[in-house]
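File shown: upload-v4.txt (compact mmCIF, C-alpha atoms).
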# COMPACT_ATOMS: atom_id res chain seq x y z
CA MET A 1 0.00 0.00 0.00
CA LYS A 2 1.68 3.20 -1.09
CA ILE A 3 0.31 6.72 -0.69
CA SER A 4 2.49 9.63 -1.71
CA VAL A 5 1.86 13.37 -2.08
CA GLN A 6 4.89 14.83 -3.81
CA PRO A 7 6.09 17.50 -6.24
CA GLU A 8 8.14 14.96 -8.25
CA ASP A 9 6.90 13.10 -11.31
CA PHE A 10 6.19 9.36 -11.02
CA ASP A 11 6.63 6.23 -13.13
CA VAL A 12 3.24 4.49 -13.57
CA GLY A 13 4.80 1.36 -15.08
CA LEU A 14 7.09 0.94 -12.07
CA GLU A 15 4.24 1.48 -9.59
CA ILE A 16 2.09 -1.09 -11.42
CA LYS A 17 5.01 -3.58 -11.32
CA ASN A 18 5.55 -2.93 -7.60
CA ILE A 19 1.98 -3.85 -6.68
CA SER A 20 1.85 -6.87 -9.04
CA ARG A 21 4.53 -9.07 -7.45
CA ASN A 22 2.23 -11.72 -6.04
CA ASN A 23 0.71 -14.83 -7.63
CA SER A 24 -2.71 -14.13 -6.18
CA ILE A 25 -2.95 -10.98 -8.31
CA GLY A 26 -4.76 -11.48 -11.59
CA ALA A 27 -5.83 -7.91 -12.33
CA VAL A 28 -4.33 -4.44 -12.01
CA ALA A 29 -6.50 -1.44 -12.93
CA SER A 30 -4.89 1.96 -13.02
CA PHE A 31 -5.55 5.57 -13.84
CA VAL A 32 -3.35 8.55 -14.71
CA GLY A 33 -4.64 12.12 -14.72
CA LEU A 34 -2.74 14.63 -16.87
CA VAL A 35 -2.63 18.40 -17.25
CA ARG A 36 -4.42 19.35 -20.48
CA ASP A 37 -3.80 22.64 -22.29
CA VAL A 38 -3.20 25.02 -19.40
CA ALA A 39 -0.26 25.16 -16.97
CA MET A 40 -1.26 25.14 -13.31
CA THR A 41 -0.11 25.17 -9.73
CA LEU A 42 -1.54 22.65 -7.31
CA GLU A 43 -1.89 23.66 -3.68
CA HIS A 44 -2.68 21.10 -0.98
CA TYR A 45 -3.17 20.74 2.77
CA PRO A 46 -0.08 18.87 4.00
CA GLY A 47 -0.98 16.14 6.45
CA MET A 48 -4.68 16.16 5.71
CA THR A 49 -4.04 15.16 2.11
CA GLU A 50 -2.34 11.86 2.98
CA ARG A 51 -4.95 11.24 5.69
CA ALA A 52 -7.88 11.87 3.31
CA ILE A 53 -6.38 9.55 0.68
CA ALA A 54 -5.77 6.82 3.29
CA LYS A 55 -9.44 7.03 4.34
CA ILE A 56 -10.60 6.70 0.74
CA VAL A 57 -8.31 3.70 0.21
CA ASP A 58 -9.59 2.06 3.42
CA GLU A 59 -13.17 2.55 2.25
CA ALA A 60 -12.28 0.93 -1.11
CA LYS A 61 -10.67 -2.01 0.72
CA SER A 62 -13.83 -2.53 2.76
CA ARG A 63 -15.91 -2.74 -0.43
CA TRP A 64 -13.73 -4.73 -2.84
CA GLN A 65 -10.86 -7.20 -2.82
CA VAL A 66 -7.81 -4.93 -2.92
CA ILE A 67 -4.59 -6.91 -2.55
CA ASP A 68 -2.33 -3.90 -3.00
CA CYS A 69 -2.57 -0.37 -4.31
CA ALA A 70 -0.61 2.80 -5.04
CA VAL A 71 -1.88 6.38 -5.02
CA ILE A 72 0.41 9.26 -5.96
CA HIS A 73 -0.71 12.87 -6.25
CA ARG A 74 1.61 15.72 -7.19
CA TYR A 75 1.50 19.34 -6.06
CA GLY A 76 3.35 22.47 -7.14
CA ALA A 77 3.83 23.84 -10.66
CA LEU A 78 2.73 21.58 -13.53
CA GLN A 79 2.92 22.06 -17.30
CA PRO A 80 0.58 20.83 -20.06
CA ASN A 81 0.86 17.04 -20.51
CA ASP A 82 2.47 16.61 -17.05
CA GLN A 83 1.14 13.76 -14.94
CA ILE A 84 -0.92 14.95 -11.93
CA VAL A 85 -2.23 11.85 -10.23
CA MET A 86 -2.14 8.07 -10.47
CA VAL A 87 -4.14 5.32 -8.81
CA ALA A 88 -3.34 1.63 -9.33
CA VAL A 89 -5.24 -1.24 -7.70
CA ALA A 90 -4.19 -4.90 -7.70
CA SER A 91 -6.80 -7.59 -7.08
CA GLY A 92 -7.57 -11.21 -7.82
CA HIS A 93 -10.41 -10.14 -10.10
CA ARG A 94 -10.84 -7.46 -12.73
CA GLY A 95 -14.26 -6.26 -11.55
CA ASP A 96 -12.85 -5.45 -8.11
CA ALA A 97 -9.73 -3.79 -9.53
CA PHE A 98 -11.73 -1.53 -11.86
CA ALA A 99 -14.37 -0.58 -9.28
CA ALA A 100 -11.87 0.18 -6.51
CA CYS A 101 -9.67 2.24 -8.85
CA GLU A 102 -12.56 4.34 -10.17
CA PHE A 103 -14.00 4.73 -6.65
CA ILE A 104 -10.67 6.03 -5.32
CA MET A 105 -10.38 8.53 -8.20
CA ASP A 106 -13.97 9.75 -7.75
CA PHE A 107 -13.44 10.38 -4.05
CA LEU A 108 -10.01 11.95 -4.53
CA LYS A 109 -11.80 14.50 -6.69
CA THR A 110 -14.22 15.53 -3.92
CA GLN A 111 -12.51 14.60 -0.63
CA ALA A 112 -8.76 15.16 -0.99
CA PRO A 113 -7.70 18.75 -0.23
CA PHE A 114 -6.04 19.86 -3.47
CA TRP A 115 -6.76 23.08 -5.36
CA LYS A 116 -5.78 23.92 -8.92
CA LYS A 117 -4.83 27.42 -10.00
CA GLU A 118 -4.55 27.77 -13.78
CA GLN A 119 -2.13 30.14 -15.52
CA THR A 120 -3.86 31.47 -18.62
CA ALA A 121 -2.79 34.35 -20.85
CA GLU A 122 -5.28 36.54 -18.92
CA GLY A 123 -3.65 35.70 -15.59
CA ALA A 124 -4.02 33.09 -12.88
CA SER A 125 -7.40 31.81 -11.72
CA TRP A 126 -8.62 29.14 -9.32
CA VAL A 127 -10.42 26.22 -10.93
CA GLU A 128 -14.05 25.89 -9.81
CA ALA A 129 -15.22 22.54 -8.45
CA LYS A 130 -17.48 20.64 -10.87
CA ALA A 131 -20.96 19.40 -10.04
CA ALA A 132 -20.15 16.38 -12.24
CA ASP A 133 -17.45 15.36 -9.74
CA ASP A 134 -19.92 15.42 -6.83
CA LYS A 135 -22.27 13.29 -8.91
CA ALA A 136 -19.53 10.80 -9.76
CA ALA A 137 -18.79 10.34 -6.06
CA GLU A 138 -22.48 10.13 -5.09
CA ARG A 139 -23.24 7.19 -7.35
CA TRP A 140 -21.17 4.89 -5.07
CA LYS A 141 -23.55 5.36 -2.12
CA MET B 1 -4.32 3.15 -31.91
CA LYS B 2 -2.22 0.04 -31.30
CA ILE B 3 -3.44 -3.54 -31.36
CA SER B 4 -0.90 -6.30 -30.97
CA VAL B 5 -1.19 -10.06 -30.47
CA GLN B 6 2.27 -11.34 -29.61
CA PRO B 7 4.22 -13.92 -27.60
CA GLU B 8 6.59 -11.25 -26.17
CA ASP B 9 6.08 -9.43 -22.88
CA PHE B 10 5.08 -5.73 -22.94
CA ASP B 11 5.86 -2.55 -20.99
CA VAL B 12 2.61 -1.02 -19.67
CA GLY B 13 4.31 2.21 -18.59
CA LEU B 14 5.71 2.74 -22.09
CA GLU B 15 2.36 2.01 -23.75
CA ILE B 16 0.60 4.47 -21.42
CA LYS B 17 3.23 7.11 -22.25
CA ASN B 18 2.83 6.47 -25.98
CA ILE B 19 -0.91 7.16 -25.93
CA SER B 20 -0.59 10.20 -23.61
CA ARG B 21 1.43 12.55 -25.81
CA ASN B 22 -1.31 15.06 -26.55
CA ASN B 23 -2.56 18.07 -24.57
CA SER B 24 -6.19 17.16 -25.10
CA ILE B 25 -5.66 14.01 -23.02
CA GLY B 26 -6.60 14.42 -19.37
CA ALA B 27 -7.21 10.80 -18.42
CA VAL B 28 -5.65 7.42 -19.14
CA ALA B 29 -7.32 4.31 -17.70
CA SER B 30 -5.53 1.01 -18.05
CA PHE B 31 -5.71 -2.63 -17.13
CA VAL B 32 -3.21 -5.45 -16.89
CA GLY B 33 -4.23 -9.10 -16.57
CA LEU B 34 -1.68 -11.46 -15.01
CA VAL B 35 -1.25 -15.22 -14.69
CA ARG B 36 -2.08 -16.25 -11.14
CA ASP B 37 -0.82 -19.48 -9.55
CA VAL B 38 -0.83 -21.84 -12.51
CA ALA B 39 1.39 -21.84 -15.61
CA MET B 40 -0.54 -21.91 -18.87
CA THR B 41 -0.37 -21.93 -22.64
CA LEU B 42 -2.54 -19.50 -24.59
CA GLU B 43 -3.77 -20.59 -28.01
CA HIS B 44 -5.37 -18.09 -30.39
CA TYR B 45 -6.85 -17.82 -33.89
CA PRO B 46 -4.32 -15.76 -35.88
CA GLY B 47 -6.01 -13.11 -37.99
CA MET B 48 -9.37 -13.36 -36.29
CA THR B 49 -7.86 -12.27 -32.98
CA GLU B 50 -6.65 -8.89 -34.25
CA ARG B 51 -9.91 -8.45 -36.17
CA ALA B 52 -12.07 -9.22 -33.12
CA ILE B 53 -10.08 -6.79 -30.96
CA ALA B 54 -10.34 -4.06 -33.61
CA LYS B 55 -14.13 -4.50 -33.68
CA ILE B 56 -14.34 -4.19 -29.88
CA VAL B 57 -12.17 -1.05 -29.95
CA ASP B 58 -14.35 0.45 -32.72
CA GLU B 59 -17.45 -0.21 -30.66
CA ALA B 60 -15.83 1.48 -27.63
CA LYS B 61 -14.93 4.49 -29.80
CA SER B 62 -18.53 4.82 -30.96
CA ARG B 63 -19.71 4.93 -27.33
CA TRP B 64 -17.11 7.07 -25.56
CA GLN B 65 -14.50 9.70 -26.29
CA VAL B 66 -11.39 7.62 -27.01
CA ILE B 67 -8.50 9.78 -28.21
CA ASP B 68 -6.02 6.91 -28.36
CA CYS B 69 -5.69 3.39 -27.06
CA ALA B 70 -3.43 0.36 -26.90
CA VAL B 71 -4.45 -3.30 -26.60
CA ILE B 72 -1.81 -6.02 -26.31
CA HIS B 73 -2.60 -9.69 -25.76
CA ARG B 74 0.05 -12.39 -25.48
CA TYR B 75 -0.11 -16.02 -26.56
CA GLY B 76 2.14 -19.03 -26.03
CA ALA B 77 3.60 -20.33 -22.77
CA LEU B 78 3.14 -18.12 -19.71
CA GLN B 79 4.35 -18.55 -16.12
CA PRO B 80 2.73 -17.42 -12.84
CA ASN B 81 2.88 -13.61 -12.46
CA ASP B 82 3.50 -13.13 -16.21
CA GLN B 83 1.49 -10.39 -17.88
CA ILE B 84 -1.22 -11.73 -20.25
CA VAL B 85 -3.09 -8.71 -21.54
CA MET B 86 -3.17 -4.94 -21.29
CA VAL B 87 -5.70 -2.32 -22.35
CA ALA B 88 -5.02 1.41 -22.03
CA VAL B 89 -7.44 4.14 -23.10
CA ALA B 90 -6.65 7.86 -23.33
CA SER B 91 -9.49 10.39 -23.24
CA GLY B 92 -10.25 13.95 -22.28
CA HIS B 93 -12.36 12.73 -19.35
CA ARG B 94 -11.92 10.05 -16.73
CA GLY B 95 -15.44 8.64 -16.99
CA ASP B 96 -14.93 7.90 -20.69
CA ALA B 97 -11.45 6.44 -20.14
CA PHE B 98 -12.64 4.07 -17.38
CA ALA B 99 -15.79 2.96 -19.19
CA ALA B 100 -14.05 2.32 -22.53
CA CYS B 101 -11.20 0.42 -20.85
CA GLU B 102 -13.53 -1.83 -18.85
CA PHE B 103 -15.79 -2.35 -21.87
CA ILE B 104 -12.85 -3.47 -24.03
CA MET B 105 -11.68 -5.91 -21.34
CA ASP B 106 -15.17 -7.35 -20.83
CA PHE B 107 -15.59 -7.98 -24.56
CA LEU B 108 -12.07 -9.34 -25.00
CA LYS B 109 -13.07 -11.98 -22.45
CA THR B 110 -16.06 -13.17 -24.49
CA GLN B 111 -15.33 -12.19 -28.10
CA ALA B 112 -11.59 -12.52 -28.75
CA PRO B 113 -10.55 -16.04 -29.79
CA PHE B 114 -8.04 -17.02 -27.09
CA TRP B 115 -8.04 -20.25 -25.10
CA LYS B 116 -6.11 -21.01 -21.93
CA LYS B 117 -4.70 -24.44 -21.14
CA GLU B 118 -3.42 -24.72 -17.59
CA GLN B 119 -0.50 -26.93 -16.57
CA THR B 120 -1.28 -28.31 -13.13
CA ALA B 121 0.51 -31.11 -11.24
CA GLU B 122 -2.26 -33.47 -12.47
CA GLY B 123 -1.63 -32.56 -16.10
CA ALA B 124 -2.84 -29.99 -18.61
CA SER B 125 -6.48 -28.94 -18.84
CA TRP B 126 -8.42 -26.37 -20.83
CA VAL B 127 -9.90 -23.54 -18.78
CA GLU B 128 -13.72 -23.44 -18.89
CA ALA B 129 -15.41 -20.17 -19.89
CA LYS B 130 -17.06 -18.40 -16.96
CA ALA B 131 -20.73 -17.38 -16.84
CA ALA B 132 -19.54 -14.29 -14.91
CA ASP B 133 -17.65 -13.15 -18.02
CA ASP B 134 -20.79 -13.38 -20.18
CA LYS B 135 -22.65 -11.38 -17.54
CA ALA B 136 -19.94 -8.70 -17.43
CA ALA B 137 -20.22 -8.24 -21.20
CA GLU B 138 -24.02 -8.27 -21.17
CA ARG B 139 -24.35 -5.32 -18.80
CA TRP B 140 -23.08 -2.95 -21.54
CA LYS B 141 -26.10 -3.64 -23.77
CA MET C 1 -18.99 -25.91 -52.54
CA LYS C 2 -15.45 -25.69 -51.26
CA VAL C 3 -14.77 -24.24 -47.79
CA LYS C 4 -11.91 -24.23 -45.34
CA VAL C 5 -12.69 -25.44 -41.81
CA LEU C 6 -10.52 -24.70 -38.76
CA TYR C 7 -10.63 -26.24 -35.27
CA PHE C 8 -9.18 -24.70 -32.11
CA ALA C 9 -8.26 -25.58 -28.53
CA SER C 10 -10.10 -28.59 -27.00
CA ILE C 11 -12.03 -29.19 -30.24
CA ARG C 12 -8.78 -29.34 -32.21
CA GLU C 13 -7.32 -31.82 -29.71
CA LYS C 14 -10.39 -34.08 -29.68
CA LEU C 15 -10.55 -34.18 -33.48
CA GLY C 16 -6.77 -34.49 -33.89
CA ARG C 17 -7.00 -31.93 -36.69
CA ASP C 18 -6.52 -28.16 -36.90
CA ALA C 19 -7.72 -27.49 -40.45
CA GLU C 20 -9.14 -29.10 -43.55
CA GLU C 21 -10.51 -28.24 -47.01
CA LEU C 22 -14.01 -29.59 -47.60
CA ASP C 23 -16.23 -29.87 -50.64
CA LEU C 24 -19.73 -29.60 -49.17
CA PRO C 25 -23.06 -30.78 -50.61
CA ALA C 26 -25.26 -27.82 -51.63
CA ASP C 27 -27.68 -28.38 -48.72
CA VAL C 28 -24.94 -27.84 -46.12
CA ALA C 29 -25.28 -24.07 -46.23
CA THR C 30 -25.25 -22.92 -42.58
CA ILE C 31 -22.99 -23.33 -39.55
CA ALA C 32 -25.56 -25.61 -37.92
CA ALA C 33 -25.83 -27.76 -41.06
CA LEU C 34 -22.05 -28.06 -41.34
CA ARG C 35 -21.84 -29.08 -37.70
CA SER C 36 -24.37 -31.93 -38.18
CA HIS C 37 -22.71 -32.89 -41.46
CA LEU C 38 -19.36 -33.29 -39.63
CA ARG C 39 -21.04 -35.31 -36.83
CA THR C 40 -21.99 -37.99 -39.38
CA ARG C 41 -18.29 -38.94 -39.47
CA GLY C 42 -18.97 -40.57 -36.07
CA GLY C 43 -16.42 -41.26 -33.31
CA ALA C 44 -14.59 -38.18 -32.03
CA TRP C 45 -16.60 -36.05 -34.48
CA ALA C 46 -19.97 -37.15 -33.13
CA ASP C 47 -18.68 -36.50 -29.62
CA ALA C 48 -16.79 -33.21 -29.97
CA LEU C 49 -19.54 -31.62 -32.08
CA ALA C 50 -22.50 -33.19 -30.17
CA GLU C 51 -25.60 -30.99 -29.95
CA GLY C 52 -25.36 -30.60 -26.18
CA ARG C 53 -21.84 -29.15 -26.29
CA LEU C 54 -21.33 -25.41 -25.96
CA LEU C 55 -19.48 -24.47 -29.15
CA ARG C 56 -18.72 -21.20 -30.85
CA ALA C 57 -18.21 -20.67 -34.57
CA ALA C 58 -16.82 -18.01 -36.87
CA VAL C 59 -17.30 -17.36 -40.58
CA ASN C 60 -14.46 -15.46 -42.24
CA GLN C 61 -13.05 -14.55 -38.82
CA ASP C 62 -16.24 -13.04 -37.45
CA MET C 63 -18.22 -14.69 -34.65
CA ALA C 64 -21.28 -16.35 -36.24
CA GLN C 65 -24.58 -17.79 -35.02
CA PRO C 66 -25.69 -21.38 -35.91
CA ALA C 67 -28.05 -20.00 -38.58
CA ALA C 68 -25.28 -18.01 -40.31
CA ALA C 69 -24.90 -18.82 -44.02
CA ILE C 70 -21.81 -20.43 -45.49
CA LYS C 71 -20.80 -19.88 -49.11
CA ALA C 72 -18.03 -21.18 -51.37
CA GLY C 73 -14.57 -19.98 -50.37
CA ASP C 74 -15.53 -19.21 -46.76
CA GLU C 75 -13.26 -19.88 -43.81
CA VAL C 76 -15.32 -21.49 -41.08
CA ALA C 77 -14.01 -22.18 -37.56
CA PHE C 78 -15.30 -24.21 -34.63
CA PHE C 79 -14.02 -23.66 -31.11
CA PRO C 80 -15.07 -23.72 -27.45
CA PRO C 81 -16.19 -20.51 -25.67
CA VAL C 82 -13.16 -18.25 -25.43
CA THR C 83 -11.10 -17.85 -22.26
CA GLY C 84 -8.51 -15.14 -22.93
CA GLY C 85 -8.02 -11.82 -21.22
CA MET D 1 -10.40 28.11 24.09
CA LYS D 2 -7.31 28.12 21.90
CA VAL D 3 -7.49 26.71 18.37
CA LYS D 4 -5.38 26.86 15.23
CA VAL D 5 -7.14 28.01 12.06
CA LEU D 6 -5.81 27.39 8.54
CA TYR D 7 -6.93 28.92 5.21
CA PHE D 8 -6.28 27.48 1.77
CA ALA D 9 -6.40 28.39 -1.92
CA SER D 10 -8.74 31.28 -2.89
CA ILE D 11 -9.79 31.78 0.77
CA ARG D 12 -6.15 32.13 1.83
CA GLU D 13 -5.55 34.68 -0.94
CA LYS D 14 -8.65 36.73 -0.14
CA LEU D 15 -7.79 36.82 3.57
CA GLY D 16 -4.08 37.39 2.97
CA ARG D 17 -3.40 34.84 5.69
CA ASP D 18 -2.65 31.09 5.72
CA ALA D 19 -2.85 30.35 9.46
CA GLU D 20 -3.46 31.90 12.85
CA GLU D 21 -3.83 30.94 16.52
CA LEU D 22 -7.13 32.08 18.04
CA ASP D 23 -8.49 32.23 21.57
CA LEU D 24 -12.22 31.71 21.04
CA PRO D 25 -15.10 32.71 23.35
CA ALA D 26 -16.79 29.65 24.88
CA ASP D 27 -19.92 30.03 22.73
CA VAL D 28 -17.92 29.65 19.47
CA ALA D 29 -18.02 25.87 19.64
CA THR D 30 -18.87 24.72 16.09
CA ILE D 31 -17.52 25.26 12.57
CA ALA D 32 -20.57 27.40 11.72
CA ALA D 33 -20.13 29.53 14.85
CA LEU D 34 -16.43 30.05 14.11
CA ARG D 35 -17.26 31.08 10.57
CA SER D 36 -19.73 33.78 11.74
CA HIS D 37 -17.31 34.82 14.47
CA LEU D 38 -14.61 35.44 11.83
CA ARG D 39 -17.07 37.32 9.60
CA THR D 40 -17.48 39.95 12.35
CA ARG D 41 -13.95 41.10 11.46
CA GLY D 42 -15.60 42.70 8.41
CA GLY D 43 -13.88 43.54 5.09
CA ALA D 44 -12.32 40.57 3.31
CA TRP D 45 -13.47 38.33 6.18
CA ALA D 46 -17.12 39.23 5.79
CA ASP D 47 -16.79 38.66 2.05
CA ALA D 48 -14.68 35.49 1.85
CA LEU D 49 -16.67 33.74 4.57
CA ALA D 50 -20.11 35.11 3.55
CA GLU D 51 -23.01 32.71 4.09
CA GLY D 52 -23.76 32.34 0.40
CA ARG D 53 -20.25 31.11 -0.44
CA LEU D 54 -19.64 27.41 -0.95
CA LEU D 55 -16.95 26.59 1.62
CA ARG D 56 -15.58 23.37 3.04
CA ALA D 57 -14.08 22.92 6.47
CA ALA D 58 -11.98 20.35 8.28
CA VAL D 59 -11.41 19.68 11.99
CA ASN D 60 -8.14 17.97 12.83
CA GLN D 61 -7.62 17.14 9.16
CA ASP D 62 -10.98 15.41 8.66
CA MET D 63 -13.71 16.93 6.50
CA ALA D 64 -16.33 18.41 8.86
CA GLN D 65 -19.92 19.64 8.57
CA PRO D 66 -20.95 23.16 9.76
CA ALA D 67 -22.45 21.64 12.94
CA ALA D 68 -19.21 19.83 13.85
CA ALA D 69 -17.91 20.67 17.33
CA ILE D 70 -14.62 22.47 17.97
CA LYS D 71 -12.67 21.97 21.16
CA ALA D 72 -9.50 23.47 22.64
CA GLY D 73 -6.36 22.47 20.76
CA ASP D 74 -8.20 21.65 17.52
CA GLU D 75 -6.82 22.44 14.08
CA VAL D 76 -9.63 23.92 12.00
CA ALA D 77 -9.34 24.68 8.29
CA PHE D 78 -11.49 26.62 5.80
CA PHE D 79 -11.16 26.13 2.05
CA PRO D 80 -13.13 26.11 -1.20
CA PRO D 81 -14.50 22.84 -2.66
CA VAL D 82 -11.49 20.75 -3.72
CA THR D 83 -10.32 20.48 -7.33
CA GLY D 84 -7.49 17.94 -7.36
CA GLY D 85 -7.26 14.62 -9.18
Render the structure in this file as structure tokens.
Amino acid sequence: MKISVQPEDFDVGLEIKNISRNNSIGAVASFVGLVRDVAMTLEHYPGMTERAIAKIVDEAKSRWQVIDCAVIHRYGALQPNDQIVMVAVASGHRGDAFAACEFIMDFLKTQAPFWKKEQTAEGASWVEAKAADDKAAERWK
Amino acid sequence: MKISVQPEDFDVGLEIKNISRNNSIGAVASFVGLVRDVAMTLEHYPGMTERAIAKIVDEAKSRWQVIDCAVIHRYGALQPNDQIVMVAVASGHRGDAFAACEFIMDFLKTQAPFWKKEQTAEGASWVEAKAADDKAAERWK
Amino acid sequence: MKVKVLYFASIREKLGRDAEELDLPADVATIAALRSHLRTRGGAWADALAEGRLLRAAVNQDMAQPAAAIKAGDEVAFFPPVTGG
Amino acid sequence: MKVKVLYFASIREKLGRDAEELDLPADVATIAALRSHLRTRGGAWADALAEGRLLRAAVNQDMAQPAAAIKAGDEVAFFPPVTGG
């Protein structure tokens, strides 16, 4: 189980390998979120961030078979096409791996204290939270 | 768009990178299937396999925003913990990436002509298709 | 009517054959008809292709239902339900 | 009752402050009460913490509802809805 909040980039392939070293694992689902067209700075709440992610992961483990998982979220200045976040879940079964991975991402979006500030030509502006993200999290209830 | 049916191992991290080089991509969902405890040989139907996968990918593209994707399936002799299959889908949005990736995996399981023969201590035996796999594919209708 | 027939996995092993060229009578014009036609060979053929067995088929490398038509030059395949992924 | 209060993102910028130690009156014992208490400072405080604004709060690094209790020694945080991932 790895949870990391860091400014450095990460290697998804390596993280997937690290959680796959076990013959009971038949399925690894993963997700990478990337910066699209606009550079941004990600602020977070040190301490609470790791704690919020750990709670989301624990909730996922109580719902599905999660043999191992890795969650990495970056903060600081990020450029277009940079990786922002990754979630990888290893399980015996693909249904569990997919569900737990998507669940963790949906809750990261609404429960983990990160805030994006975009740098556009007109200046910097805070990204507004999306109603679609609340909806995505609500459907797991 | 990459579809490959091959005996060689693959590098998931590299494949994810290859389909992520585009500023309109905000989300990459991926899946890796691994051999669990029992060594096996995978037989396939050359020609039809690639064709069946291409049809599944086309169907996914008609349903969700798929900017790029990679599907690799191995055949031949595989040992415990070896990688069997990977699907990675790049999209602007995470909901589309997850749905398309899971859809492709579910249909691979029921529509792509591969057959597993396991080598147990008691000898070799063909793996039986699972009703759960038919169900997983049916829920997309 | 000449067709090519392929067999895979457990079917291939039971029949001891992975492919053959056949010249079919005109009335053997669907997957289902070809399957019963092959069963008349008896022995392993009657067993491996028995009605009760769950089999899949493809015509020209596309999954096909029992009622699917077969025409001259087609590549037909019989195999068990797939188990990849 | 002494507590630590943290501000993040747009709230932090509007208030020009990221953290402070406060000694609260005994009747300021919930998130909602602390929020109105801070609004009485007026200016940017009245604006950034106005009732109509969508704000989130945490007590001791756990997301907390407006009615959540605050006790001495707590770390309380105010911030806008999160936008990570």
Selected residue of minimal separation from D:Lys71 among D:Thr40, D:Leu34, D:Leu55, D:Ala19, counting all atoms listed in the file: D:Leu34
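Residue nearest chain C within the list A:Ile84, A:Asp134, A:Val38, A:Arg94: A:Arg94 [criterion: smallest interatomic distance, all atoms listed in the file].
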Contacts of A:Ile16 within 10 Å, only C-alpha atoms, excl. fewer than 2 positions in-chain, as a PyMOL selection string: (chain A and resi 11-14+18-21+28-30+68-70+87-90) or (chain B and resi 12-13+31-32)
What does the file look like for those residues with C-alpha atoms, as a tab-separated table (two decimals), keeping the file's coordinate frame?
chain	number	residue	atom	x	y	z
A	11	ASP	CA	6.63	6.23	-13.13
A	12	VAL	CA	3.24	4.49	-13.57
A	13	GLY	CA	4.80	1.36	-15.08
A	14	LEU	CA	7.09	0.94	-12.07
A	18	ASN	CA	5.55	-2.93	-7.60
A	19	ILE	CA	1.98	-3.85	-6.68
A	20	SER	CA	1.85	-6.87	-9.04
A	21	ARG	CA	4.53	-9.07	-7.45
A	28	VAL	CA	-4.33	-4.44	-12.01
A	29	ALA	CA	-6.50	-1.44	-12.93
A	30	SER	CA	-4.89	1.96	-13.02
A	68	ASP	CA	-2.33	-3.90	-3.00
A	69	CYS	CA	-2.57	-0.37	-4.31
A	70	ALA	CA	-0.61	2.80	-5.04
A	87	VAL	CA	-4.14	5.32	-8.81
A	88	ALA	CA	-3.34	1.63	-9.33
A	89	VAL	CA	-5.24	-1.24	-7.70
A	90	ALA	CA	-4.19	-4.90	-7.70
B	12	VAL	CA	2.61	-1.02	-19.67
B	13	GLY	CA	4.31	2.21	-18.59
B	31	PHE	CA	-5.71	-2.63	-17.13
B	32	VAL	CA	-3.21	-5.45	-16.89
Exercise: C:Ala72 partners within 7 Å, only C-alpha atoms, chain neighbours under 2 positions left out, as a VMD selection string: chain C and resid 1 to 3 74
Spatial neighbours of B:Ser4, max dist 10 Å, all atoms listed in the file, sep filter under 3 positions, as a count of residues only: 10
Between atom CA of B:Gly26 and atom CA of B:Gly92, distance in Å (one decimal):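 If I compute the distance from atom CA of B:Gly26 to atom CA of B:Gly92, I get 4.7 Å.
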Selection near D:Asp62, 10 Å with all atoms listed in the file, sequence-local residues under 5 positions removed, as a VMD selection string: (chain A and resid 48 to 49 51 to 52 55 111 to 112) or (chain D and resid 57 75 to 77)
Can I get the selection written as a compact mmCIF listing (two decimals), in the coordinates of the input, with C-alpha atoms?
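Full text of out_15.txt as output:
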# COMPACT_ATOMS: atom_id res chain seq x y z
CA MET A 48 -4.68 16.16 5.71
CA THR A 49 -4.04 15.16 2.11
CA ARG A 51 -4.95 11.24 5.69
CA ALA A 52 -7.88 11.87 3.31
CA LYS A 55 -9.44 7.03 4.34
CA GLN A 111 -12.51 14.60 -0.63
CA ALA A 112 -8.76 15.16 -0.99
CA ALA D 57 -14.08 22.92 6.47
CA GLU D 75 -6.82 22.44 14.08
CA VAL D 76 -9.63 23.92 12.00
CA ALA D 77 -9.34 24.68 8.29
Two-atom distance - atom CA of B:Glu118, atom CA of B:Val57 (Å):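 Computing it gives 28.1 Å between the two atoms.
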Which residue of A:Ala77, A:Ala54, A:Leu34, A:Ala129 approaches D:Arg56 most closely, using only C-alpha atoms: A:Ala129
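Rounded to one decimal, atom CA of C:Gly85 and atom CA of A:Asn23 lie 16.4 Å from each other.
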Selection near B:Ala137, 10 Å with all atoms listed in the file, sequence-local residues under 2 positions removed, as a count of residues only: 17
Contact set, chain C to chain B: 7 Å, all atoms listed in the file, as an MDAnalysis selection string: chainID C and resid 9:10 61:62 81:85
Restricting the output to C-alpha atoms, write the selected residues as a CSV table (one decimal), in the coordinates of the input.
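And here's result.csv as it stands now:
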chain,number,residue,atom,x,y,z
C,9,ALA,CA,-8.3,-25.6,-28.5
C,10,SER,CA,-10.1,-28.6,-27.0
C,61,GLN,CA,-13.0,-14.6,-38.8
C,62,ASP,CA,-16.2,-13.0,-37.4
C,81,PRO,CA,-16.2,-20.5,-25.7
C,82,VAL,CA,-13.2,-18.2,-25.4
C,83,THR,CA,-11.1,-17.8,-22.3
C,84,GLY,CA,-8.5,-15.1,-22.9
C,85,GLY,CA,-8.0,-11.8,-21.2
From A:Ala131, A:Cys101, A:Ala60, A:Leu78, residue lying nearest chain B [only C-alpha atoms]: A:Cys101
